[in-house]
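Beneath this line is the structure, given in structure tokens, with notes to follow.
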Amino acid sequence: MKDTTRRIFEKENQAEVSNNIDKRTNQKSFTQLVSLTLLNRQPKIEFKSIDIKQQPQQQNYLTQRNPNVSSLHYRPEVKQKTTISTTEQIFSPITVRQTTSISQCNQDYLNKEQKNPQNKLIYLYGDNILINYQKDDSIQKFEFLKKHTISNNLRAKMVDWMVEVLTSYKCKDQTFFMAVRLMDTFLHLTTKQHVPQDLHLIGVTCMFIASKFEEIYPVKLQIVHEKIAHKKLSKDEIREKECQIAQALDFKFVGTTLSEIISMTLQLINQYQKMHQLVIYLAKIVLYDYELISQYNYSSLSAACIIIGCNLLCQESTDDIISQTLQVLNVDKDETIELSNKVLNLAKNFDKLFPNLENLKKFNKNQTLDIIKLQK
């Protein structure tokens, strides 16, 4: 009995194995058929179970097919490369001044450093950007404290405090220059007479507005209320003053500053890296002095600061840089030289004129040492 049952069991296993082999051969032929008849697909390489000896017949079928029969395989179209002609104008239709020698100097500088795209942008649009800056600068703010009871020294203290606050919160220089510009412009355009007690709220609000324009992460209102104003000013007071400033400026917050004109001019005359820090420090000194800031526009003050920085740092090419600066900013030579002497005297006598204001020297030590060299 044991032998007979074992034989029966072996026969059943052999029959089951043979059936599985038949199924696999059928599946193999089915995969071959599908791989050749599927639309938009080519035979896949991963079918390694197919015998290689059977492939030539399939290849002959594909290569020796009837030419009248359309191909079953999708062949993507070859994309043609598009080229832009150098003669076509691919930039904005802004015309650039080409008559000045400054443009020729920038062209030579551009040829030397073609890898930097910023140099190309300055060459193409720098003159036009500077012209727009000077258009905004044409709005004069002569004697903007005359109708208020705020003194010159009190305004200088506010400017000095702005240096401390904005530097402590790691804000950019442009934020500081914009805050001072907003404060001066508001005092010039407002119809209400302000008293010294109002200046604290005005200065805090102007810093708050400037940070929202210039900073990636602006100072939050909660921090302004708790840390900067030390809870002496409520959030509602800051919001209300912000609305008053917006209405007085007719919501035109965007405008030019000393920093913007100086930076663009230095890039146009190719002296940005060498002179920028010192000239910006001189511009900060100028913002303290009410007499200068209320009688001269930003273009003239920028030219005066650049001339002083040129005399200090670029003694070998002073005449060329001064002539380029006067040409770019389109200012009078004699008036600018006279103004530069006033700015230089202010820098030399800053400690005497503003004895208790130490924040500018505290946060700009290197530039202070350069001014001490000028005094010698």
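Scheme for the structure tokens: letters A, B, ... for chains in order shown; per-chain residue numbers from 1; ligand numbers from 1 in order shown.
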Can you list every residue of region 187-217 of chain A that has an atom at most 12 Å from region 227-231 of chain A, with its nearest atom pair and the distance in Å to one decimal, using only C-alpha atoms, ordered by chain then number, as a Markdown table?
| residue | atom | partner | partner_atom | distance |
| --- | --- | --- | --- | --- |
| A:His200 | CA | A:Ala229 | CA | 8.5 |
| A:Leu201 | CA | A:Ala229 | CA | 8.5 |
| A:Ile202 | CA | A:Ala229 | CA | 11.4 |
| A:Gly203 | CA | A:Ala229 | CA | 10.2 |
| A:Val204 | CA | A:Ala229 | CA | 7.2 |
| A:Thr205 | CA | A:Ala229 | CA | 10.0 |
| A:Met207 | CA | A:Ile228 | CA | 10.1 |
| A:Phe208 | CA | A:Ile228 | CA | 10.0 |
### Secondary structure check, helix (DSSP H, G or I) residues of region 182-308 of chain A, as an NGL selection string
:A and (182-189 or 196-214 or 221-228 or 235-248 or 258-268 or 272-288 or 290-295 or 298-308)
### Message
Report as an MDAnalysis selection string all protein, DNA and RNA residues lying within 7 Å of region 284-295 of chain A, evaluated on only C-alpha atoms, omitting residues in the same chain fewer than 5 positions from it.
### Response
chainID A and resid 141:144 152 156 159 343 347
Any chance you can output those residues with C-alpha atoms as a PDB file, in the first residue's frame?
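Below is the file that was written, part-v6.pdb:
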ATOM      1  CA  LYS A 141      11.900 120.296   3.217  1.00  0.00           C
ATOM      2  CA  PHE A 142      13.181 123.756   4.063  1.00  0.00           C
ATOM      3  CA  GLU A 143      12.896 124.614   7.778  1.00  0.00           C
ATOM      4  CA  PHE A 144      10.411 121.838   8.566  1.00  0.00           C
ATOM      5  CA  ASN A 152      17.145 121.213  16.788  1.00  0.00           C
ATOM      6  CA  ALA A 156      19.321 115.299  17.053  1.00  0.00           C
ATOM      7  CA  VAL A 159      18.211 110.637  15.494  1.00  0.00           C
ATOM      8  CA  VAL A 343      30.298 118.710   6.333  1.00  0.00           C
ATOM      9  CA  ALA A 347      32.603 115.779  11.323  1.00  0.00           C
TER      10      ALA A 347
END
### Message
Give me, as a ChimeraX atom specification, all polymer residues having an atom no more than 9 Å from Thr185 (chain A), counting only C-alpha atoms and skipping those fewer than 3 positions away in the same chain.
### Response
/A:141,144,180-182,188-190,248-249
### Message
Just to confirm, what's the straight-line distance from CA of Leu313 (chain A) to CA of Tyr296 (chain A) in Å (one decimal)?
### Response
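Distance reported for this atom pair: 24.8 Å.
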### Message
So the first atom is CA of Tyr133 (chain A) and the second is CA of Ser299 (chain A); what is the distance between them in Å, to one decimal place?
### Response
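Computing it gives 8.9 Å between the two atoms.
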### Message
So the first atom is CA of Ile308 (chain A) and the second is CA of Phe176 (chain A); what is the distance between them in Å, to one decimal place?
### Response
21.8 Å
